[in-house]
Each structure stands twice: as structure tokens, then as C-alpha cells.
>>> print(open('protein_22.cif').read())   # mmCIF, C-alpha atoms
data_coords
loop_
_atom_site.label_atom_id
_atom_site.label_comp_id
_atom_site.auth_asym_id
_atom_site.auth_seq_id
_atom_site.Cartn_x
_atom_site.Cartn_y
_atom_site.Cartn_z
CA MET A 1 -4.12 -11.23 27.92
CA LYS A 2 -2.11 -9.35 25.31
CA PRO A 3 -1.68 -10.93 21.88
CA SER A 4 1.69 -12.57 21.29
CA SER A 5 1.92 -11.08 17.80
CA ILE A 6 0.41 -7.87 16.44
CA VAL A 7 0.17 -7.49 12.67
CA ILE A 8 -0.65 -4.08 11.20
CA ILE A 9 -1.69 -4.23 7.54
CA GLY A 10 -1.92 -0.90 5.69
CA SER A 11 -3.62 -0.73 2.29
CA SER A 12 -5.27 1.71 -0.06
CA GLY A 13 -6.30 1.47 -3.75
CA GLY A 14 -6.23 -2.19 -4.79
CA GLY A 15 -6.14 -3.22 -1.13
CA PRO A 16 -9.51 -4.96 -0.80
CA ARG A 17 -8.72 -7.67 -3.36
CA VAL A 18 -5.19 -8.20 -2.01
CA LEU A 19 -6.57 -8.50 1.51
CA LYS A 20 -8.96 -11.19 0.26
CA GLU A 21 -6.05 -13.07 -1.31
CA ILE A 22 -4.06 -12.94 1.92
CA LEU A 23 -6.93 -13.86 4.25
CA ASN A 24 -8.32 -16.61 2.05
CA ASP A 25 -7.09 -19.90 3.56
CA LEU A 26 -5.18 -18.09 6.29
CA PRO A 27 -5.56 -20.25 9.41
CA VAL A 28 -6.61 -18.76 12.75
CA LEU A 29 -3.36 -17.15 13.84
CA ASN A 30 -1.89 -16.96 17.28
CA GLY A 31 -1.91 -13.19 16.95
CA ALA A 32 -4.13 -10.18 16.22
CA ILE A 33 -4.36 -8.37 12.88
CA ILE A 34 -5.32 -4.72 12.49
CA ILE A 35 -6.22 -3.55 8.97
CA ILE A 36 -5.98 0.12 8.01
CA GLN A 37 -7.71 0.32 4.61
CA HIS A 38 -8.33 3.76 3.10
CA MET A 39 -11.98 3.76 2.00
CA PRO A 40 -15.22 5.73 2.15
CA GLN A 41 -17.25 5.11 5.30
CA PHE A 42 -20.20 3.39 3.61
CA LEU A 43 -17.87 0.52 2.64
CA ASN A 44 -16.69 -0.31 6.18
CA GLU A 45 -19.32 -2.93 6.93
CA LEU A 46 -19.36 -4.26 3.34
CA ILE A 47 -15.60 -4.84 3.41
CA ARG A 48 -15.88 -6.46 6.84
CA GLU A 49 -18.53 -8.88 5.54
CA SER A 50 -16.50 -9.66 2.43
CA LEU A 51 -13.29 -10.35 4.38
CA GLY A 52 -15.23 -12.22 7.06
CA ALA A 53 -16.66 -14.53 4.41
CA CYS A 54 -13.23 -15.59 3.16
CA SER A 55 -11.37 -15.68 6.48
CA LYS A 56 -11.21 -18.35 9.16
CA MET A 57 -10.39 -15.61 11.69
CA SER A 58 -13.12 -13.51 13.21
CA VAL A 59 -13.32 -10.11 11.44
CA LYS A 60 -14.78 -7.03 13.11
CA ILE A 61 -14.82 -3.26 12.90
CA ALA A 62 -12.55 -1.94 15.67
CA GLN A 63 -14.38 -0.38 18.62
CA ASN A 64 -12.95 2.34 20.83
CA GLY A 65 -11.65 0.98 24.15
CA GLU A 66 -11.69 -2.71 23.24
CA GLN A 67 -8.72 -4.98 23.91
CA ILE A 68 -7.32 -6.85 20.94
CA LYS A 69 -7.11 -10.64 21.10
CA ASN A 70 -5.34 -13.47 19.33
CA GLY A 71 -7.28 -14.93 16.40
CA THR A 72 -9.17 -11.74 15.56
CA ILE A 73 -8.91 -9.24 12.69
CA TYR A 74 -9.84 -5.61 13.42
CA ILE A 75 -10.69 -3.16 10.62
CA ALA A 76 -10.14 0.53 11.38
CA PRO A 77 -13.35 2.49 10.73
CA SER A 78 -13.18 5.37 8.25
CA GLU A 79 -12.66 8.96 9.45
CA MET A 80 -11.02 7.88 12.74
CA HIS A 81 -7.34 7.37 13.50
CA LEU A 82 -6.57 4.15 15.34
CA GLU A 83 -3.86 3.96 17.99
CA LEU A 84 -3.00 0.99 20.13
CA ILE A 85 -2.47 1.88 23.79
CA ASN A 86 0.06 -0.34 25.59
CA ASN A 87 -0.03 -2.73 22.63
CA VAL A 88 -3.51 -3.91 23.55
CA GLN A 89 -6.24 -1.29 23.79
CA ILE A 90 -7.80 0.34 20.75
CA HIS A 91 -8.10 4.11 20.86
CA LEU A 92 -10.14 5.69 18.05
CA TYR A 93 -10.26 9.42 17.59
CA ARG A 94 -11.23 12.01 15.00
CA GLY A 95 -8.10 13.91 14.03
CA LYS A 96 -6.53 15.83 11.20
CA LYS A 97 -5.80 13.81 8.08
CA VAL A 98 -2.21 12.55 7.87
CA HIS A 99 -0.88 12.18 4.30
CA PHE A 100 -4.41 13.19 3.21
CA VAL A 101 -6.04 10.20 4.91
CA CYS A 102 -7.85 9.23 8.08
CA PRO A 103 -7.25 6.62 9.38
CA SER A 104 -3.54 6.83 8.65
CA ILE A 105 -1.31 3.75 8.63
CA ASP A 106 1.55 5.82 10.07
CA VAL A 107 -0.53 6.84 13.10
CA THR A 108 -1.28 3.23 14.00
CA LEU A 109 2.25 1.93 13.41
CA LYS A 110 3.79 4.76 15.44
CA SER A 111 1.54 3.97 18.42
CA LEU A 112 3.16 0.54 18.93
CA LYS A 113 5.69 0.10 21.75
CA TRP A 114 8.52 -2.38 22.13
CA GLU A 115 7.54 -4.94 24.74
CA PHE A 116 9.14 -8.21 25.78
CA GLY A 117 7.16 -11.19 24.45
CA ILE A 118 5.26 -9.28 21.77
CA ARG A 119 6.21 -9.51 18.12
CA HIS A 120 5.23 -6.59 15.86
CA ILE A 121 4.79 -6.99 12.12
CA GLY A 122 3.99 -4.16 9.68
CA ILE A 123 2.81 -4.87 6.13
CA ILE A 124 2.33 -2.23 3.42
CA LEU A 125 0.10 -3.26 0.53
CA SER A 126 -1.00 -1.66 -2.74
CA GLY A 127 -1.92 2.02 -2.69
CA LEU A 128 -1.15 5.51 -3.90
CA GLY A 129 1.01 7.93 -1.90
CA GLN A 130 3.35 7.63 1.05
CA ASP A 131 1.23 6.65 4.04
CA GLY A 132 2.96 3.86 5.97
CA ALA A 133 6.57 4.70 5.07
CA GLU A 134 7.33 6.64 8.28
CA GLY A 135 5.53 4.04 10.35
CA ILE A 136 7.57 1.24 8.81
CA SER A 137 10.81 3.04 9.74
CA TYR A 138 9.54 3.50 13.30
CA LEU A 139 8.54 -0.15 13.53
CA LYS A 140 11.99 -1.25 12.38
CA LYS A 141 13.54 0.95 15.08
CA ILE A 142 11.55 -0.81 17.83
CA GLY A 143 12.51 -4.26 16.53
CA GLY A 144 9.48 -5.11 14.41
CA VAL A 145 9.43 -7.07 11.19
CA THR A 146 8.55 -5.03 8.08
CA ILE A 147 7.06 -6.26 4.82
CA ALA A 148 6.05 -4.59 1.54
CA GLN A 149 3.94 -6.05 -1.24
CA SER A 150 5.89 -6.89 -4.42
CA GLU A 151 5.58 -4.51 -7.37
CA GLU A 152 4.21 -7.02 -9.88
CA SER A 153 1.37 -8.02 -7.53
CA CYS A 154 0.29 -4.42 -6.75
CA ALA A 155 -2.55 -2.54 -8.46
CA ILE A 156 -0.61 0.60 -7.48
CA TYR A 157 2.97 0.39 -6.22
CA GLY A 158 3.19 3.87 -4.60
CA MET A 159 2.94 3.00 -0.89
CA PRO A 160 5.14 -0.15 -0.97
CA LYS A 161 7.68 1.76 -3.10
CA GLU A 162 7.85 4.61 -0.56
CA ALA A 163 8.20 2.13 2.32
CA ILE A 164 11.00 0.24 0.53
CA ALA A 165 12.77 3.53 -0.28
CA THR A 166 13.25 4.14 3.47
CA GLY A 167 15.64 1.17 3.56
CA ASN A 168 13.69 -0.29 6.46
CA VAL A 169 11.70 -3.05 4.77
CA ASP A 170 12.84 -6.58 5.61
CA LEU A 171 10.85 -8.56 3.06
CA ILE A 172 9.18 -7.91 -0.30
CA LEU A 173 6.50 -10.54 -0.85
CA THR A 174 3.50 -11.48 -3.01
CA PRO A 175 0.10 -11.90 -1.30
CA ASP A 176 0.51 -15.72 -1.29
CA GLU A 177 3.95 -15.39 0.26
CA ILE A 178 2.62 -12.98 2.89
CA ARG A 179 -0.03 -15.53 3.92
CA GLU A 180 2.51 -18.38 4.07
CA TRP A 181 5.00 -16.26 5.95
CA LEU A 182 2.44 -15.12 8.56
CA THR A 183 1.31 -18.71 9.10
CA GLU A 184 4.85 -19.93 9.60
CA LEU A 185 6.11 -17.08 11.75
CA ILE A 186 3.10 -16.50 14.00
CA GLY A 187 1.66 -20.01 14.03
CA GLN A 188 -1.89 -21.18 14.40
CA THR A 189 -4.06 -20.94 17.47
CA PRO A 190 -4.01 -24.31 19.22
CA ASN A 191 -7.38 -26.05 18.83
CA MET B 1 -27.46 -4.11 -8.31
CA ARG B 2 -25.12 -5.27 -11.13
CA ARG B 3 -24.61 -1.88 -12.75
CA VAL B 4 -21.40 -0.31 -14.08
CA LEU B 5 -20.72 3.17 -15.46
CA VAL B 6 -17.72 3.23 -17.82
CA VAL B 7 -16.17 6.70 -18.18
CA ASP B 8 -13.59 6.99 -20.97
CA ASP B 9 -13.02 9.30 -23.92
CA GLU B 10 -11.74 6.40 -26.06
CA PRO B 11 -14.66 4.79 -27.94
CA MET B 12 -12.72 1.53 -28.36
CA VAL B 13 -12.22 1.21 -24.59
CA ILE B 14 -15.91 1.87 -23.94
CA TYR B 15 -16.88 -0.62 -26.66
CA SER B 16 -14.66 -3.43 -25.38
CA VAL B 17 -15.46 -2.96 -21.68
CA LYS B 18 -19.19 -2.79 -22.46
CA ARG B 19 -19.00 -5.98 -24.52
CA ILE B 20 -17.06 -7.88 -21.84
CA LEU B 21 -19.34 -6.79 -18.99
CA GLU B 22 -22.59 -7.31 -20.90
CA SER B 23 -21.48 -10.87 -21.68
CA ALA B 24 -21.66 -11.40 -17.90
CA LYS B 25 -25.19 -9.92 -17.70
CA ILE B 26 -23.99 -6.67 -16.16
CA GLU B 27 -25.94 -3.50 -16.96
CA VAL B 28 -23.51 -1.03 -18.52
CA HIS B 29 -23.89 2.75 -18.72
CA THR B 30 -21.30 4.80 -20.59
CA ALA B 31 -19.96 8.34 -20.49
CA ASP B 32 -17.34 9.80 -22.84
CA SER B 33 -16.30 12.62 -20.50
CA GLY B 34 -16.30 13.70 -16.86
CA LYS B 35 -19.23 15.97 -17.61
CA ALA B 36 -21.26 13.11 -19.08
CA CYS B 37 -20.38 10.99 -16.02
CA LEU B 38 -21.80 13.66 -13.70
CA GLU B 39 -24.96 13.80 -15.82
CA GLU B 40 -25.43 10.04 -15.34
CA LEU B 41 -25.01 10.43 -11.60
CA ARG B 42 -27.47 13.34 -11.49
CA LYS B 43 -29.94 11.11 -13.32
CA GLY B 44 -29.60 8.63 -10.46
CA PHE B 45 -26.90 6.12 -11.45
CA LYS B 46 -25.76 3.94 -8.52
CA GLY B 47 -23.19 1.21 -8.85
CA LEU B 48 -19.56 0.72 -9.82
CA ILE B 49 -17.80 3.52 -11.73
CA LEU B 50 -14.82 2.61 -13.93
CA MET B 51 -13.08 5.93 -14.49
CA ASP B 52 -10.32 6.74 -16.98
CA ILE B 53 -7.69 9.10 -15.58
CA MET B 54 -6.50 10.81 -18.76
CA MET B 55 -9.40 12.61 -20.43
CA PRO B 56 -9.37 15.99 -22.17
CA GLY B 57 -10.87 18.89 -20.24
CA MET B 58 -12.11 17.42 -16.98
CA ASP B 59 -9.81 14.45 -16.25
CA GLY B 60 -10.63 11.50 -13.99
CA TRP B 61 -9.38 13.19 -10.82
CA ASP B 62 -11.32 16.42 -11.55
CA THR B 63 -14.41 14.29 -12.09
CA ILE B 64 -13.96 12.45 -8.79
CA ASN B 65 -13.50 15.80 -7.05
CA GLU B 66 -16.88 16.89 -8.47
CA ILE B 67 -18.47 13.55 -7.53
CA VAL B 68 -17.36 14.10 -3.94
CA GLN B 69 -18.43 17.78 -3.91
CA GLU B 70 -21.89 16.91 -5.24
CA GLY B 71 -22.33 14.10 -2.71
CA PHE B 72 -22.36 11.21 -5.21
CA ALA B 73 -19.46 9.32 -3.60
CA GLU B 74 -21.81 7.73 -1.06
CA GLY B 75 -23.06 4.39 -2.38
CA ASN B 76 -20.88 4.34 -5.51
CA ILE B 77 -17.61 2.41 -5.76
CA ILE B 78 -14.94 4.06 -7.92
CA CYS B 79 -12.13 2.18 -9.67
CA MET B 80 -9.64 3.99 -11.89
CA LEU B 81 -8.64 2.76 -15.33
CA THR B 82 -4.93 3.47 -15.73
CA GLY B 83 -2.26 3.11 -18.36
CA LYS B 84 1.22 1.78 -17.63
CA GLU B 85 2.28 4.82 -15.69
CA GLU B 86 1.67 5.43 -11.98
CA PRO B 87 -1.23 7.84 -11.34
CA ASP B 88 -0.22 11.35 -10.42
CA ALA B 89 0.40 11.47 -6.67
CA LYS B 90 -0.65 15.15 -6.63
CA MET B 91 -4.24 13.85 -6.43
CA GLU B 92 -3.45 11.83 -3.33
CA LYS B 93 -6.10 13.78 -1.41
CA LEU B 94 -8.81 11.95 -3.36
CA LYS B 95 -7.39 8.48 -2.91
CA GLU B 96 -9.78 7.50 -0.11
CA TYR B 97 -12.54 7.53 -2.73
CA VAL B 98 -10.75 5.21 -5.16
CA LEU B 99 -10.97 1.56 -4.19
CA ASP B 100 -8.90 0.08 -6.98
CA TYR B 101 -6.84 0.72 -10.10
CA ILE B 102 -7.30 -1.45 -13.18
CA ARG B 103 -4.51 -1.45 -15.73
CA LYS B 104 -5.17 -1.04 -19.44
CA PRO B 105 -5.09 -3.07 -21.65
CA PHE B 106 -7.53 -5.34 -19.83
CA ASP B 107 -7.41 -9.04 -19.49
CA LYS B 108 -11.06 -10.11 -19.90
CA ASP B 109 -11.08 -12.62 -17.03
CA GLN B 110 -9.25 -10.29 -14.68
CA LEU B 111 -11.65 -7.44 -15.46
CA LEU B 112 -14.67 -9.65 -14.85
CA THR B 113 -13.22 -10.91 -11.57
CA ILE B 114 -12.44 -7.44 -10.24
CA VAL B 115 -15.77 -5.95 -11.37
CA GLY B 116 -17.64 -8.99 -9.99
CA ASP B 117 -15.91 -8.60 -6.62
CA TYR B 118 -16.88 -4.95 -6.27
CA LEU B 119 -20.43 -5.43 -7.55
CA ALA B 120 -20.83 -8.09 -4.86
CA TYR B 121 -20.28 -5.35 -2.23
CA LEU B 122 -23.22 -3.42 -3.65
CA GLU B 123 -25.69 -6.31 -3.97
#
>>> encode(input="protein_22.cif", output="C-alpha cells")
Amino acid sequence: MKPSSIVIIGSSGGGPRVLKEILNDLPVLNGAIIIIQHMPQFLNELIRESLGACSKMSVKIAQNGEQIKNGTIYIAPSEMHLELINNVQIHLYRGKKVHFVCPSIDVTLKSLKWEFGIRHIGIILSGLGQDGAEGISYLKKIGGVTIAQSEESCAIYGMPKEAIATGNVDLILTPDEIREWLTELIGQTPN
Amino acid sequence: MRRVLVVDDEPMVIYSVKRILESAKIEVHTADSGKACLEELRKGFKGLILMDIMMPGMDGWDTINEIVQEGFAEGNIICMLTGKEEPDAKMEKLKEYVLDYIRKPFDKDQLLTIVGDYLAYLE
């Protein structure tokens, strides 16, 4: 069964501690979260453990070919782009860097498709550069909800600033507000 | 492994960061230039690197480039120490190696929290 909501969170420098703030006390959502964090490969598992320890949702490194599910957080592994096929199946592949990074937030966001009954949410957190800005514009075009982290709460405002400059960001929120907003909009998984 | 390498050409910054971190029982190594940082890594330093961006000669980004070229990025976490201004986006190609940016001047508690978080990854 496809998830009812798909949240793509893109982050770079300063991202790990913001992700912890957002996931800490976040209930198990009635949706799937995919995290694209720019980082060296040796940190993949360490970040997964750290986020898993503070999250009520199950946190895993995304595997090629797996189908995403409600209540689970998927972290894109380093050095692979992550696309979502038909809004449900993870496709990982080694490709050229986009905006100097792999995985690229833009690649994942631009792989989403409008589909009746599925809500798409794109969130751009702290980080240097412009990855995510094109993807946010695409997401807006297919009816998704777009969010950028607020300037005062960012370690580095570059990526949210670029996303906001496209004119396609719906909400500018702090990490606490992002958590509250996700909980209210997506809702918790029924026990 | 609670070990931090502070790389900054400002003696006052090195002094204050060292004092704050040592008060939390963190082993602190120091380097006053990119070259000295690479020497520490060649001698076997592993841990968290707090790297100033603006340094004369080899700046923070040049130093990270060398760290990557020499294969020292594996197993070390790098956080940049920045002033008020946004880091130069021309070095975007190295951003995958920088996990965080810490603004100067530091708030003692915030610095200890951030450093503690990243050291926990390496323990």
C-alpha cells in the first residue's frame, strides 16, 4: 500500500542537529519520510543510529527496490541518487553529482508524481548552496506543500534562501514548528 | 574517542575553545594554520575538527580540499567555524565533507552541545 503522505527533507551543513530537533518527540506519522542529508559515507550508519535513538518512527538506510511505508523514515545513502518510482519504490543509482552533491535533493523531489490520494511535502533545511530549490519549484507545480527552515534557526541559510527566492515556498518555519505542523497535517498512525 | 582538533589562526579563539572543551573533559589538539592541521592528521589525529574558514595562506576550504585529497576525511567529522557572513558558495563542491557550521562568537553551552553531539557519533 502506498503511503498517504510522502515527506522529503533535504539538508546539508547543520542538518544533523536540526533533524534531531524535528524528529525528537515526533509521533509515528501516517506517512513516510525520506531524508536527503549531504554527508560523507562513513557517517550514514552513525546518523541513522543517532536519529533512530531520538525518533519514535523506525529509521533505516534506504535500500534499492524497497517500497516505502507509513511510519518509516528512510535516509538516502551517500554517493547514490535516490528517486521514487510511482511514488512508492526506491531507486538508488550512482550518477553524476548535481549541484556538486550526490545524493541530490533536487533529483529526489523531481522524481515525485502527482497522484490522487497522496500528499507530497518538501522541506529544505540548513545548508550551503542551491540544492533543493529547483525541486521545490517542481513540487509546487504538482500540488505539493513546500517548506523552508527559518533563517534564525539555520546554521547556514544558503539552501532555504535559494528555495525561498524561487517564490514557491509556502511556509517558513523553525524546527519546532516543522514538527508541530507535520504532526497536525499528516496525523499519527492509529494504534 | 572524545578528541577535538581546533584549527584557527587567532590565538584567542584557540585559547577560549580549548578552555571550554577541556572543562568538559574533551582532549583538545590545536593547529594555528591549515598546514599545522594537516601535520596533526598525518601524525594520526582522529576525531572532530573545528576549522576556521578565514586563515592567511591556506584557508579553511583549501585545508579541507587537502584533507580530502590525502584521504583524511574518512573517520573525521569536520565543522566550520564562521563569522557573521555566509561562507563562500564557490567552495560548494566541498560541502559534503562539512557537517556543520558554528558561528563565532561562541556561546559556551551551545558549543558544548554541538561538539558533544558530534563526538557521540565517533564514540
>>> atom_distance(input="protein_22.cif", atom1="CA of Asp131 in chain A", atom2="CA of Arg94 in chain A")
17.4 Å
>>> atom_distance(input="protein_22.cif", atom1="CA of Tyr74 in chain A", atom2="CA of Ile34 in chain A")
4.7 Å
>>> closest_residue(input="protein_22.cif", among="A:Val169, A:Ile9, A:Ala53, A:Leu29", to="chain B", atoms="all atoms listed in the file")
A:Ala53
>>> interface_residues(input="protein_22.cif", of="chain B", to="chain A", cutoff="10 Å", atoms="all atoms listed in the file", output="ChimeraX atom specification")
/B:73-80,82,85-103,113-114,117-118,120-123
>>> write_last_selection(input="protein_22.cif", atoms="C-alpha atoms", output="PDB file, keeping the file's coordinate frame")
ATOM      1  CA  ALA B  73     -19.460   9.320  -3.600  1.00  0.00           C
ATOM      2  CA  GLU B  74     -21.810   7.730  -1.060  1.00  0.00           C
ATOM      3  CA  GLY B  75     -23.060   4.390  -2.380  1.00  0.00           C
ATOM      4  CA  ASN B  76     -20.880   4.340  -5.510  1.00  0.00           C
ATOM      5  CA  ILE B  77     -17.610   2.410  -5.760  1.00  0.00           C
ATOM      6  CA  ILE B  78     -14.940   4.060  -7.920  1.00  0.00           C
ATOM      7  CA  CYS B  79     -12.130   2.180  -9.670  1.00  0.00           C
ATOM      8  CA  MET B  80      -9.640   3.990 -11.890  1.00  0.00           C
ATOM      9  CA  THR B  82      -4.930   3.470 -15.730  1.00  0.00           C
ATOM     10  CA  GLU B  85       2.280   4.820 -15.690  1.00  0.00           C
ATOM     11  CA  GLU B  86       1.670   5.430 -11.980  1.00  0.00           C
ATOM     12  CA  PRO B  87      -1.230   7.840 -11.340  1.00  0.00           C
ATOM     13  CA  ASP B  88      -0.220  11.350 -10.420  1.00  0.00           C
ATOM     14  CA  ALA B  89       0.400  11.470  -6.670  1.00  0.00           C
ATOM     15  CA  LYS B  90      -0.650  15.150  -6.630  1.00  0.00           C
ATOM     16  CA  MET B  91      -4.240  13.850  -6.430  1.00  0.00           C
ATOM     17  CA  GLU B  92      -3.450  11.830  -3.330  1.00  0.00           C
ATOM     18  CA  LYS B  93      -6.100  13.780  -1.410  1.00  0.00           C
ATOM     19  CA  LEU B  94      -8.810  11.950  -3.360  1.00  0.00           C
ATOM     20  CA  LYS B  95      -7.390   8.480  -2.910  1.00  0.00           C
ATOM     21  CA  GLU B  96      -9.780   7.500  -0.110  1.00  0.00           C
ATOM     22  CA  TYR B  97     -12.540   7.530  -2.730  1.00  0.00           C
ATOM     23  CA  VAL B  98     -10.750   5.210  -5.160  1.00  0.00           C
ATOM     24  CA  LEU B  99     -10.970   1.560  -4.190  1.00  0.00           C
ATOM     25  CA  ASP B 100      -8.900   0.080  -6.980  1.00  0.00           C
ATOM     26  CA  TYR B 101      -6.840   0.720 -10.100  1.00  0.00           C
ATOM     27  CA  ILE B 102      -7.300  -1.450 -13.180  1.00  0.00           C
ATOM     28  CA  ARG B 103      -4.510  -1.450 -15.730  1.00  0.00           C
ATOM     29  CA  THR B 113     -13.220 -10.910 -11.570  1.00  0.00           C
ATOM     30  CA  ILE B 114     -12.440  -7.440 -10.240  1.00  0.00           C
ATOM     31  CA  ASP B 117     -15.910  -8.600  -6.620  1.00  0.00           C
ATOM     32  CA  TYR B 118     -16.880  -4.950  -6.270  1.00  0.00           C
ATOM     33  CA  ALA B 120     -20.830  -8.090  -4.860  1.00  0.00           C
ATOM     34  CA  TYR B 121     -20.280  -5.350  -2.230  1.00  0.00           C
ATOM     35  CA  LEU B 122     -23.220  -3.420  -3.650  1.00  0.00           C
ATOM     36  CA  GLU B 123     -25.690  -6.310  -3.970  1.00  0.00           C
TER      37      GLU B 123
END
>>> residues_around(input="protein_22.cif", residues="range 56-59 of chain A", least_positions_apart="5", cutoff="9 Å", atoms="all atoms listed in the file", output="PyMOL selection string")
chain A and resi 23-29+48-49+51+71-75
>>> resolve_selection(input="protein_22.cif", expression="the PyMOL selection byres ((chain A and resi 118) around 6)", output="JSON, numbers by chain")
{"A": [4, 5, 115, 116, 117, 119]}
>>> atom_distance(input="protein_22.cif", atom1="CA of Ser55 in chain A", atom2="CA of Ser104 in chain A")
23.9 Å
>>> closest_residue(input="protein_22.cif", among="B:Pro56, B:Lys18, B:Gly47, B:Glu10", to="Lys35 in chain B", atoms="all atoms listed in the file")
B:Pro56
>>> resolve_selection(input="protein_22.cif", expression="the PyMOL selection byres ((chain A and resi 138) around 10)", output="PyMOL selection string")
chain A and resi 106+109-113+132-137+139-144+168
>>> write_last_selection(input="protein_22.cif", atoms="C-alpha atoms", output="short mmCIF file (atom, residue, chain, number, x, y, z; two decimals), in the coordinates of the input")
data_model
loop_
_atom_site.label_atom_id
_atom_site.label_comp_id
_atom_site.auth_asym_id
_atom_site.auth_seq_id
_atom_site.Cartn_x
_atom_site.Cartn_y
_atom_site.Cartn_z
CA ASP A 106 1.55 5.82 10.07
CA LEU A 109 2.25 1.93 13.41
CA LYS A 110 3.79 4.76 15.44
CA SER A 111 1.54 3.97 18.42
CA LEU A 112 3.16 0.54 18.93
CA LYS A 113 5.69 0.10 21.75
CA GLY A 132 2.96 3.86 5.97
CA ALA A 133 6.57 4.70 5.07
CA GLU A 134 7.33 6.64 8.28
CA GLY A 135 5.53 4.04 10.35
CA ILE A 136 7.57 1.24 8.81
CA SER A 137 10.81 3.04 9.74
CA LEU A 139 8.54 -0.15 13.53
CA LYS A 140 11.99 -1.25 12.38
CA LYS A 141 13.54 0.95 15.08
CA ILE A 142 11.55 -0.81 17.83
CA GLY A 143 12.51 -4.26 16.53
CA GLY A 144 9.48 -5.11 14.41
CA ASN A 168 13.69 -0.29 6.46
#
>>> decode(input="protein_22.cif", residues="range 99-106 of chain A", atoms="all heavy atoms", output="mmCIF file, in the first residue's frame")
data_model
loop_
_atom_site.group_PDB
_atom_site.id
_atom_site.type_symbol
_atom_site.label_atom_id
_atom_site.label_comp_id
_atom_site.auth_asym_id
_atom_site.auth_seq_id
_atom_site.Cartn_x
_atom_site.Cartn_y
_atom_site.Cartn_z
ATOM 1 N N HIS A 99 24.522 19.863 -8.583
ATOM 2 C CA HIS A 99 24.890 20.932 -7.636
ATOM 3 C C HIS A 99 26.022 20.468 -6.721
ATOM 4 O O HIS A 99 26.001 20.720 -5.512
ATOM 5 C CB HIS A 99 23.705 21.385 -6.784
ATOM 6 C CG HIS A 99 22.521 21.834 -7.581
ATOM 7 N ND1 HIS A 99 22.581 22.840 -8.509
ATOM 8 C CD2 HIS A 99 21.236 21.387 -7.607
ATOM 9 C CE1 HIS A 99 21.399 23.003 -9.046
ATOM 10 N NE2 HIS A 99 20.570 22.138 -8.533
ATOM 11 N N PHE A 100 26.963 19.733 -7.255
ATOM 12 C CA PHE A 100 28.161 19.255 -6.547
ATOM 13 C C PHE A 100 27.886 18.167 -5.511
ATOM 14 O O PHE A 100 28.752 17.866 -4.691
ATOM 15 C CB PHE A 100 28.912 20.408 -5.857
ATOM 16 C CG PHE A 100 29.246 21.553 -6.760
ATOM 17 C CD1 PHE A 100 28.514 22.721 -6.730
ATOM 18 C CD2 PHE A 100 30.291 21.444 -7.663
ATOM 19 C CE1 PHE A 100 28.810 23.776 -7.580
ATOM 20 C CE2 PHE A 100 30.599 22.494 -8.510
ATOM 21 C CZ PHE A 100 29.853 23.655 -8.473
ATOM 22 N N VAL A 101 26.680 17.610 -5.488
ATOM 23 C CA VAL A 101 26.382 16.612 -4.459
ATOM 24 C C VAL A 101 25.686 15.372 -5.016
ATOM 25 O O VAL A 101 25.017 15.415 -6.041
ATOM 26 C CB VAL A 101 25.486 17.194 -3.322
ATOM 27 C CG1 VAL A 101 26.283 18.086 -2.412
ATOM 28 C CG2 VAL A 101 24.273 17.899 -3.883
ATOM 29 N N CYS A 102 25.882 14.295 -4.326
ATOM 30 C CA CYS A 102 25.190 13.039 -4.611
ATOM 31 C C CYS A 102 25.027 12.306 -3.287
ATOM 32 O O CYS A 102 26.043 11.987 -2.674
ATOM 33 C CB CYS A 102 25.996 12.203 -5.609
ATOM 34 S SG CYS A 102 25.194 10.655 -6.079
ATOM 35 N N PRO A 103 23.836 12.091 -2.802
ATOM 36 C CA PRO A 103 22.552 12.313 -3.455
ATOM 37 C C PRO A 103 22.179 13.804 -3.495
ATOM 38 O O PRO A 103 22.597 14.569 -2.636
ATOM 39 C CB PRO A 103 21.579 11.565 -2.532
ATOM 40 C CG PRO A 103 22.195 11.667 -1.174
ATOM 41 C CD PRO A 103 23.678 11.572 -1.421
ATOM 42 N N SER A 104 21.364 14.127 -4.508
ATOM 43 C CA SER A 104 20.876 15.496 -4.640
ATOM 44 C C SER A 104 19.399 15.552 -4.242
ATOM 45 O O SER A 104 18.599 14.684 -4.616
ATOM 46 C CB SER A 104 21.048 15.949 -6.092
ATOM 47 O OG SER A 104 20.106 16.937 -6.407
ATOM 48 N N ILE A 105 19.064 16.593 -3.498
ATOM 49 C CA ILE A 105 17.670 16.802 -3.069
ATOM 50 C C ILE A 105 16.785 17.020 -4.293
ATOM 51 O O ILE A 105 15.667 16.515 -4.381
ATOM 52 C CB ILE A 105 17.587 18.029 -2.122
ATOM 53 C CG1 ILE A 105 18.528 17.852 -0.925
ATOM 54 C CG2 ILE A 105 16.162 18.280 -1.656
ATOM 55 C CD1 ILE A 105 18.893 19.160 -0.217
ATOM 56 N N ASP A 106 17.300 17.784 -5.266
ATOM 57 C CA ASP A 106 16.523 18.068 -6.483
ATOM 58 C C ASP A 106 16.134 16.776 -7.205
ATOM 59 O O ASP A 106 15.013 16.634 -7.696
ATOM 60 C CB ASP A 106 17.344 18.939 -7.447
ATOM 61 C CG ASP A 106 17.260 20.421 -7.081
ATOM 62 O OD1 ASP A 106 16.354 20.791 -6.313
ATOM 63 O OD2 ASP A 106 18.105 21.187 -7.555
#
